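Below: one structure, written as structure tokens.
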Amino acid sequence: MDVAKVLDVKGLACPMPIVKTKKAINEIESGQVLEVHATDKGAINDLSAWAKSGGHELLNHEAENEVLKFRIKKA
């Protein structure tokens with residue numbers, strides 16, 4: 001999968017991962033993929049709901065050690 005940008009929000013608590021994700025998604029083109037690395041367990045629900053509300057597509061998320069990795073395709 002071709003990722004246009006990787007955003008590191010490890011160590012940040014809600015709402016900062018969403019705030020930084022929103023800023024980063026505005027920096028890429030429609031159809032491109034943003035990969036977000038987070039450690040806040042709340043990010044699973046938060047990023048999923050945020051992507052859906054913005055019309056973006058949460059392609060997948062996975063846990064690697066303590067890091068949650070999300071791939072969001074911009075609408």
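In the structure tokens, chains take letters A, B, ... by order of appearance, with residues numbered from 1 within each chain and ligands from 1 in the order shown.
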
* To do: Find the residues around Asp2 (chain A) up to 12 Å (only C-alpha atoms counted), leave out those fewer than 5 positions away in its own chain, and share them as a list in words.
  =>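 Once the adjacent positions are removed, what remains is Gly31, Gln32, Val33, Leu34, Glu35, Arg71, Ile72 and Lys73 of chain A.
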
Dump as an mmCIF file, in the first residue's frame, selection limited to N, CA and C atoms:
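So the final result, stored in out_4.cif, reads:
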```cif
data_model
loop_
_atom_site.group_PDB
_atom_site.id
_atom_site.type_symbol
_atom_site.label_atom_id
_atom_site.label_comp_id
_atom_site.auth_asym_id
_atom_site.auth_seq_id
_atom_site.Cartn_x
_atom_site.Cartn_y
_atom_site.Cartn_z
ATOM 1 N N GLY A 31 -7.686 10.770 -2.185
ATOM 2 C CA GLY A 31 -7.330 9.441 -2.672
ATOM 3 C C GLY A 31 -6.015 8.918 -2.112
ATOM 4 N N GLN A 32 -5.217 9.813 -1.511
ATOM 5 C CA GLN A 32 -3.957 9.381 -0.914
ATOM 6 C C GLN A 32 -4.211 8.794 0.482
ATOM 7 N N VAL A 33 -3.218 8.072 0.989
ATOM 8 C CA VAL A 33 -3.351 7.380 2.272
ATOM 9 C C VAL A 33 -2.452 8.016 3.318
ATOM 10 N N LEU A 34 -3.046 8.258 4.484
ATOM 11 C CA LEU A 34 -2.331 8.765 5.657
ATOM 12 C C LEU A 34 -2.181 7.611 6.639
ATOM 13 N N GLU A 35 -0.960 7.385 7.129
ATOM 14 C CA GLU A 35 -0.739 6.365 8.147
ATOM 15 C C GLU A 35 -0.500 7.079 9.469
ATOM 16 N N ARG A 71 -4.486 3.272 8.751
ATOM 17 C CA ARG A 71 -4.337 3.790 7.383
ATOM 18 C C ARG A 71 -5.676 4.372 6.955
ATOM 19 N N ILE A 72 -5.667 5.663 6.657
ATOM 20 C CA ILE A 72 -6.886 6.397 6.304
ATOM 21 C C ILE A 72 -6.738 6.944 4.901
ATOM 22 N N LYS A 73 -7.713 6.604 4.050
ATOM 23 C CA LYS A 73 -7.714 7.109 2.669
ATOM 24 C C LYS A 73 -8.557 8.375 2.636
#
```

* To do: Using only C-alpha atoms, determine which residues lie at most 8 Å from Gly11 (chain A), disregarding the query and same-chain residues fewer than 2 positions distant; provide the list as number ranges by chain.
  => A: 9, 13, 38-40

Go ahead and write the selection's residues with N, CA, C and O atoms as a PDB file, in the first residue's frame.
```
ATOM      1  N   VAL A   9       1.751  10.215  16.402  1.00  0.00           N
ATOM      2  CA  VAL A   9       1.078  10.843  17.545  1.00  0.00           C
ATOM      3  C   VAL A   9       1.228   9.963  18.793  1.00  0.00           C
ATOM      4  O   VAL A   9       0.405  10.027  19.704  1.00  0.00           O
ATOM      5  N   ALA A  13      -2.560  12.058  24.129  1.00  0.00           N
ATOM      6  CA  ALA A  13      -3.897  11.623  24.551  1.00  0.00           C
ATOM      7  C   ALA A  13      -4.954  12.446  23.835  1.00  0.00           C
ATOM      8  O   ALA A  13      -4.671  13.519  23.305  1.00  0.00           O
ATOM      9  N   ALA A  38      -0.259   5.671  16.769  1.00  0.00           N
ATOM     10  CA  ALA A  38      -0.739   6.184  18.058  1.00  0.00           C
ATOM     11  C   ALA A  38      -0.534   5.150  19.160  1.00  0.00           C
ATOM     12  O   ALA A  38      -0.406   3.956  18.888  1.00  0.00           O
ATOM     13  N   THR A  39      -0.540   5.624  20.402  1.00  0.00           N
ATOM     14  CA  THR A  39      -0.457   4.714  21.545  1.00  0.00           C
ATOM     15  C   THR A  39      -1.710   4.817  22.417  1.00  0.00           C
ATOM     16  O   THR A  39      -1.915   3.970  23.274  1.00  0.00           O
ATOM     17  N   ASP A  40      -2.525   5.815  22.214  1.00  0.00           N
ATOM     18  CA  ASP A  40      -3.758   6.016  22.988  1.00  0.00           C
ATOM     19  C   ASP A  40      -4.810   5.014  22.511  1.00  0.00           C
ATOM     20  O   ASP A  40      -5.234   5.046  21.356  1.00  0.00           O
TER      21      ASP A  40
END
```

* Exercise: Leu7 (chain A) partners within 12 Å, only C-alpha atoms, chain neighbours under 6 positions left out, as a ChimeraX atom specification -> /A:16-25,27-28,33-38,68-72

* Members of chain A assigned strand (DSSP E or B) by DSSP, as a list in words ->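 Those in chain A that DSSP calls strand (DSSP E or B) are Lys5, Val6, Leu7, Asp8, Val9, Val33, Leu34, Glu35, Val36, His37, Ala38, Glu57, Leu58, Leu59, Asn60, His61, Glu62, Ala63, Glu64, Val67, Leu68, Lys69, Phe70, Arg71, Ile72 and Lys73 of chain A.
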
* **Residues flagged helix (DSSP H, G or I) by DSSP in chain A, as number ranges by chain** => A: 16-25, 43-53

* Structure fact -> Across A:Val67, A:Ala75, A:Val6, A:Met1, the smallest distance to Lys41 (chain A), with only C-alpha atoms counted, is shown by A:Val67

* Asked: So which one's closest to Ser53 (chain A), A:Ser30, A:Lys74, A:Lys5, A:Pro15? Using only C-alpha atoms, please.
  ->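 Closest to Ser53 (chain A), using only C-alpha atoms: A:Lys74.
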
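Distance-wise, CA of Ala49 (chain A) and CA of Asn26 (chain A) end up 17.3 Å apart.
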
Extract, using only C-alpha atoms, all DNA, RNA and protein residues at most 10 Å from Ser48 (chain A), discarding same-chain residues fewer than 6 positions from it, and format them as a PDB file with N, CA and C atoms, in the first residue's frame.
```pdb
ATOM      1  N   HIS A  56     -13.950  10.064   4.991  1.00  0.00           N
ATOM      2  CA  HIS A  56     -12.707   9.366   4.676  1.00  0.00           C
ATOM      3  C   HIS A  56     -12.906   7.871   4.933  1.00  0.00           C
ATOM      4  N   GLU A  57     -11.994   7.062   4.434  1.00  0.00           N
ATOM      5  CA  GLU A  57     -12.116   5.614   4.588  1.00  0.00           C
ATOM      6  C   GLU A  57     -10.985   5.093   5.461  1.00  0.00           C
ATOM      7  N   LEU A  58     -11.351   4.487   6.601  1.00  0.00           N
ATOM      8  CA  LEU A  58     -10.360   3.832   7.452  1.00  0.00           C
ATOM      9  C   LEU A  58     -10.090   2.476   6.809  1.00  0.00           C
ATOM     10  N   LEU A  59      -8.959   2.344   6.142  1.00  0.00           N
ATOM     11  CA  LEU A  59      -8.654   1.128   5.394  1.00  0.00           C
ATOM     12  C   LEU A  59      -8.370  -0.038   6.329  1.00  0.00           C
ATOM     13  N   ASN A  60      -7.579   0.213   7.361  1.00  0.00           N
ATOM     14  CA  ASN A  60      -7.297  -0.832   8.348  1.00  0.00           C
ATOM     15  C   ASN A  60      -6.614  -0.214   9.559  1.00  0.00           C
ATOM     16  N   HIS A  61      -6.594  -1.003  10.616  1.00  0.00           N
ATOM     17  CA  HIS A  61      -5.774  -0.634  11.772  1.00  0.00           C
ATOM     18  C   HIS A  61      -5.221  -1.915  12.362  1.00  0.00           C
ATOM     19  N   PHE A  70      -2.882   3.071  11.903  1.00  0.00           N
ATOM     20  CA  PHE A  70      -4.113   3.270  11.143  1.00  0.00           C
ATOM     21  C   PHE A  70      -3.763   3.744   9.747  1.00  0.00           C
ATOM     22  N   ILE A  72      -5.667   5.663   6.657  1.00  0.00           N
ATOM     23  CA  ILE A  72      -6.886   6.397   6.304  1.00  0.00           C
ATOM     24  C   ILE A  72      -6.738   6.944   4.901  1.00  0.00           C
TER      25      ILE A  72
END
```
